[in-house]
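Just below is one structure, and these are the notes that go with it.
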Protein chains: 2
Amino acid sequence: MSLPHAILTALLERPSSGLELTRRFDRSIGFFWSATHQQIYRELGRLEQAGLIRPVPQPPSRGQRKEYEVLPAGREALAGWVGEQQDPKPIRDALLLRLRAAAVVGAPGLAAELSRHLELHQRQLDEYREIERRDFPAERAAGENRLQHVVLQAGIQLETFWTEWLAQALAALDEE
Amino acid sequence: MSLPHAILTALLERPSSGLELTRRFDRSIGFFWSATHQQIYRELGRLEQAGLIRPVPQPPSRGQRKEYEVLPAGREALAGWVGEQQDPKPIRDALLLRLRAAAVVGAPGLAAELSRHLELHQRQLDEYREIERRDFPAERAAGENRLQHVVLQAGIQLETFWTEWLAQALAALDEE
DNA sequence: CATTCCATGTAACTCGTTACATGATTAG
DNA sequence: CTAATCATGTAACGAGTTACATGGAATG
């Protein structure tokens with residue numbers, strides 16, 4: 001049950017319409033919780049139904065955009081969720097599965113696929129590093145956005161892991 | 001569409017009944033692709049329907065266990081899947097989301113939760129290391145199970161990342 | 001013979017994905 | 001005026017989860 005809370009967080013950071021949310025779920029928030037516009041509209045409906053958000057009364061009418069804001073009940077629901085106990089999800093990765101399958105049925109073409117993934121992860125890593133340079137310059141490291149920085153670092157370290165591991169895996173595949 | 005291929009891989013490694021598969025999905029295979037017995041039985045039905053596996057003719061009747069084995073068509077389907085292009089899934093992690101939410105609504109109790117996760121990941125890491133020591137002793141590193149070892153190393157490195165990052169996150173949370 | 005465990009399933013639901021629909025605004 | 005794009009949705013499906021059902025085998 002994370003999507004509604006992802007949306008509540010996003011709306012607290014800034015009230016938005018469905019499309020704006022969709023855009024934001026392609027960038028910052030989407031870096032660790034992605035969602036399509038279909039999911040978002042469905043969830044906005046449920047959150048409004050549940051009395052956790054409401055459409056903000058509009059400046060006379062700009063097209064048909066519907067801007068939402070979080071109600072006090074929504075903020076409380078989010079705070080409660082943040083404090084819950086939730087066990088980490090076990091790893092679920094198709095690439096690892098494919099490597100294991102390759103050990104049984106052979107691996108033609110897998111090296112190319114690993115290289116491709118390596119490049120994709122490298123690109124993502126570069127993007128995160130760029131964001132870090134822009135948003136968290138070294139000399140005000142202990143600011144109020146310590147938490148955001150730590151979240152970004154998780155992304156950086158995860159992508160670093162993938163690039164390093166994929167290089168290892170390629171080396172191992174070479175020796176087959 | 002990974003579950004059917006996970007099952008095909010498992011059955012190629014060793015023909016099994018539904019319950020045996022369930023057990024194996026709690027251990028080795030489950031370390032990167034978990035599944036419940038309900039999922040497994042449903043998928044076994046589909047795979048049999050599709051002509052990719054079949055129940056192996058039974059030694060007169062041992063209870064009601066139904067053992068399955070992979071047919072040639074199943075092996076081909078698996079080999080094809082291994083060679084496909086599949087983009088890596090973006091990160092989707094509720095804990096990172098909760099940290100971001102905590103930056104907005106506050107974080108009472110989050111430190112305790114991070115510590116708890118740290119301990120869980122540490123335990124998982126220890127388990128992987130134990131498996132590595134048992135199944136991949138140093139001096140025959142270049143054997144035929146190079147690929148299995150590389151998969152296990154992914155698990156080890158991922159858990160290592162989490163333990164290190166959680167320590168950082170706890171430190172950051174402390175300074176709030 | 002009652003209970004527990006083994007073994008295989010059904011049913012109902014939620015979440016995420018893919019394909020499609022519809023009306024309003026803007027650009028050429 | 002037409003086409004593109006903005007913005008909000010609906011519908012159908014598949015994968016995963018949770019709760020429950022059923023019957024045989026083994027144990028006291």
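Residues in the structure tokens are named by chain (A, B, ... in the order shown) and by number from 1 within that chain; ligands are numbered from 1 in the order shown.
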
TODO: Can you check which residues of chain B have any atom within 6 Å of chain A? Use only C-alpha atoms and format it as number ranges by chain.
DONE: B: 9, 32-33, 79, 82-83, 91-93, 98, 101, 105, 109-110

Task: Residues of chain B within 12 Å of chain D, only C-alpha atoms (C1' of nucleotides) counted, as a count of residues only - done: 17

Using only C-alpha atoms (C1' of nucleotides), I'd like a table of the residues in chain C that come within 9 Å of chain B; for each, show the closest atom pair and its distance in Å rounded to one decimal, ordered by chain and ascending number, as a tab-separated table.
```
residue	atom	partner	partner_atom	distance
C:DC6	C1'	B:Leu19	CA	9.0
C:DA7	C1'	B:Arg65	CA	6.6
C:DT8	C1'	B:Tyr41	CA	7.7
C:DG9	C1'	B:Tyr41	CA	7.4
```

With N, CA, C and O atoms (P, O5', C5', C4', C3', O3' and C1' of nucleotides) retained, write the just-selected residues as a compact mmCIF listing (two decimals), in the first residue's frame.
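selection-v9.txt, freshly written:
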```txt
# COMPACT_ATOMS: atom_id res chain seq x y z
P DC C 6 4.60 -31.60 7.54
O5' DC C 6 4.01 -32.35 6.27
C5' DC C 6 3.96 -33.77 6.28
C4' DC C 6 3.19 -34.25 5.06
C3' DC C 6 3.60 -33.55 3.75
O3' DC C 6 3.67 -34.55 2.74
C1' DC C 6 1.27 -33.35 4.10
P DA C 7 4.45 -34.26 1.40
O5' DA C 7 3.30 -33.63 0.50
C5' DA C 7 2.31 -34.48 -0.05
C4' DA C 7 1.24 -33.65 -0.71
C3' DA C 7 1.72 -32.52 -1.61
O3' DA C 7 1.67 -33.00 -2.95
C1' DA C 7 -0.27 -31.98 -0.40
P DT C 8 1.82 -32.01 -4.20
O5' DT C 8 0.33 -31.45 -4.36
C5' DT C 8 -0.73 -32.37 -4.57
C4' DT C 8 -2.05 -31.64 -4.64
C3' DT C 8 -2.11 -30.51 -5.68
O3' DT C 8 -3.13 -30.80 -6.63
C1' DT C 8 -3.07 -29.83 -3.64
P DG C 9 -3.20 -30.03 -7.99
O5' DG C 9 -3.71 -28.61 -7.51
C5' DG C 9 -4.96 -28.28 -7.89
C4' DG C 9 -5.83 -27.83 -6.71
C3' DG C 9 -6.55 -26.54 -6.99
O3' DG C 9 -7.68 -26.80 -7.80
C1' DG C 9 -5.97 -26.81 -4.68
```

TODO: Kindly give the distance, in Å, that separates atom CA of Arg54 of chain A and atom C1' of DT26 of chain C, rounded to a single decimal.
DONE: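 According to the coordinates, atom CA of Arg54 of chain A and atom C1' of DT26 of chain C are separated by 28.7 Å.
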
Task: Atomic separation - atom CA of Asp26 of chain B relative to atom C1' of DC13 of chain C, Å - done: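 That distance, rounded to one decimal, is 24.0 Å.
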
- [ ] Extract the full set of strand (DSSP E) residues from segment 15-85 of chain A according to DSSP on the backbone, and format it as a PyMOL selection string.
- [x] chain A and resi 16-17+53-55+67-70

Please produce a file of those selected residues containing C-alpha atoms, as a PDB file, in the first residue's frame.
```
ATOM      1  CA  SER A  16      -0.707  19.337  -8.126  1.00  0.00           C
ATOM      2  CA  SER A  17      -3.066  18.121 -10.815  1.00  0.00           C
ATOM      3  CA  ILE A  53      -7.361  15.032  -0.161  1.00  0.00           C
ATOM      4  CA  ARG A  54      -9.624  17.502  -1.946  1.00  0.00           C
ATOM      5  CA  PRO A  55      -9.621  19.397  -5.210  1.00  0.00           C
ATOM      6  CA  GLU A  67      -5.549  20.582  -8.586  1.00  0.00           C
ATOM      7  CA  TYR A  68      -5.505  18.545  -5.367  1.00  0.00           C
ATOM      8  CA  GLU A  69      -4.328  19.366  -1.868  1.00  0.00           C
ATOM      9  CA  VAL A  70      -3.919  17.225   1.233  1.00  0.00           C
TER      10      VAL A  70
END
```

Open item on the list: Please extract the residues of segment 5-173 of chain A with a backbone DSSP assignment of helix (DSSP H, G or I) and present them as a VMD selection string.
Closed with: chain A and resid 5 to 13 18 to 24 29 to 31 37 to 49 72 to 83 94 to 105 110 to 135 138 to 140 146 to 173

Export C-alpha atoms of the chosen residues as a short mmCIF file (atom, residue, chain, number, x, y, z; two decimals), in the first residue's frame?
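Listed below is the output, selection-v6.cif:
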```cif
data_model
loop_
_atom_site.label_atom_id
_atom_site.label_comp_id
_atom_site.auth_asym_id
_atom_site.auth_seq_id
_atom_site.Cartn_x
_atom_site.Cartn_y
_atom_site.Cartn_z
CA HIS A 5 1.30 7.46 0.48
CA ALA A 6 3.65 8.36 -2.35
CA ILE A 7 0.89 10.60 -3.72
CA LEU A 8 0.19 12.16 -0.32
CA THR A 9 3.89 12.94 0.05
CA ALA A 10 4.04 14.49 -3.40
CA LEU A 11 0.93 16.60 -2.79
CA LEU A 12 2.27 17.83 0.54
CA GLU A 13 5.48 18.90 -1.14
CA GLY A 18 -3.04 14.53 -12.04
CA LEU A 19 -0.84 15.33 -14.99
CA GLU A 20 1.64 17.28 -12.90
CA LEU A 21 1.84 14.34 -10.53
CA THR A 22 2.44 12.03 -13.47
CA ARG A 23 5.34 14.23 -14.55
CA ARG A 24 6.80 14.22 -11.06
CA ILE A 29 9.60 10.60 -6.77
CA GLY A 30 9.66 8.09 -9.59
CA PHE A 31 13.30 7.34 -8.85
CA HIS A 37 -1.12 8.26 -15.03
CA GLN A 38 -3.83 5.58 -14.93
CA GLN A 39 -2.75 4.48 -11.50
CA ILE A 40 -2.50 8.06 -10.33
CA TYR A 41 -5.98 9.11 -11.42
CA ARG A 42 -7.49 5.97 -9.92
CA GLU A 43 -5.71 6.59 -6.65
CA LEU A 44 -6.61 10.31 -6.58
CA GLY A 45 -10.25 9.26 -6.83
CA ARG A 46 -9.89 6.88 -3.90
CA LEU A 47 -8.00 9.40 -1.76
CA GLU A 48 -10.67 12.02 -2.38
CA GLN A 49 -13.40 9.46 -1.64
CA PRO A 72 -5.39 17.19 7.75
CA ALA A 73 -6.66 13.60 7.82
CA GLY A 74 -4.34 12.84 4.90
CA ARG A 75 -1.32 14.23 6.70
CA GLU A 76 -2.15 12.14 9.75
CA ALA A 77 -2.59 9.01 7.67
CA LEU A 78 0.80 9.58 6.08
CA ALA A 79 2.53 10.20 9.41
CA GLY A 80 1.02 7.00 10.75
CA TRP A 81 2.23 5.00 7.76
CA VAL A 82 5.77 6.36 8.08
CA GLY A 83 5.97 4.97 11.61
CA ALA A 94 14.59 -11.12 -13.50
CA LEU A 95 18.19 -10.68 -14.61
CA LEU A 96 19.50 -12.79 -11.74
CA LEU A 97 16.89 -15.38 -12.60
CA ARG A 98 18.02 -15.37 -16.22
CA LEU A 99 21.61 -15.94 -15.16
CA ARG A 100 20.54 -18.92 -13.12
CA ALA A 101 18.54 -20.24 -16.06
CA ALA A 102 21.52 -19.66 -18.33
CA ALA A 103 23.55 -21.99 -16.11
CA VAL A 104 21.06 -24.71 -17.10
CA VAL A 105 20.07 -24.05 -20.72
CA LEU A 110 23.33 -13.01 -22.49
CA ALA A 111 26.64 -11.17 -22.56
CA ALA A 112 25.16 -8.57 -24.90
CA GLU A 113 22.21 -8.18 -22.56
CA LEU A 114 24.50 -7.71 -19.56
CA SER A 115 26.46 -5.05 -21.45
CA ARG A 116 23.24 -3.29 -22.32
CA HIS A 117 22.15 -3.27 -18.67
CA LEU A 118 25.57 -2.04 -17.67
CA GLU A 119 25.20 0.92 -19.95
CA LEU A 120 21.68 1.70 -18.71
CA HIS A 121 22.77 1.60 -15.09
CA GLN A 122 25.80 3.72 -15.87
CA ARG A 123 23.53 6.33 -17.43
CA GLN A 124 21.23 6.32 -14.41
CA LEU A 125 24.21 6.66 -12.12
CA ASP A 126 25.46 9.68 -14.05
CA GLU A 127 22.02 11.26 -13.79
CA TYR A 128 21.90 10.80 -10.02
CA ARG A 129 25.41 12.22 -9.66
CA GLU A 130 24.39 15.25 -11.69
CA ILE A 131 21.38 15.80 -9.41
CA GLU A 132 23.61 15.47 -6.36
CA ARG A 133 26.04 18.04 -7.69
CA ARG A 134 23.18 20.43 -8.44
CA ASP A 135 21.02 19.99 -5.32
CA ALA A 138 29.30 19.94 -0.52
CA GLU A 139 29.47 22.88 1.84
CA ARG A 140 25.98 22.95 3.28
CA ARG A 146 19.73 15.78 5.04
CA LEU A 147 17.03 13.14 4.53
CA GLN A 148 16.52 13.88 0.85
CA HIS A 149 20.26 13.62 0.34
CA VAL A 150 20.42 10.25 2.06
CA VAL A 151 17.66 8.97 -0.21
CA LEU A 152 19.53 10.14 -3.27
CA GLN A 153 22.67 8.46 -1.99
CA ALA A 154 20.78 5.18 -1.83
CA GLY A 155 20.07 5.56 -5.53
CA ILE A 156 23.69 6.36 -6.28
CA GLN A 157 25.01 3.45 -4.26
CA LEU A 158 22.51 1.02 -5.76
CA GLU A 159 23.42 1.98 -9.31
CA THR A 160 27.07 1.77 -8.36
CA PHE A 161 26.50 -1.75 -7.12
CA TRP A 162 24.84 -2.74 -10.40
CA THR A 163 27.58 -1.35 -12.61
CA GLU A 164 30.27 -3.06 -10.57
CA TRP A 165 28.43 -6.35 -10.37
CA LEU A 166 27.58 -6.39 -14.06
CA ALA A 167 31.27 -5.95 -14.88
CA GLN A 168 32.05 -8.97 -12.69
CA ALA A 169 29.26 -10.98 -14.26
CA LEU A 170 30.55 -10.19 -17.74
CA ALA A 171 34.01 -11.35 -16.73
CA ALA A 172 32.59 -14.60 -15.36
CA LEU A 173 30.55 -15.14 -18.50
#
```
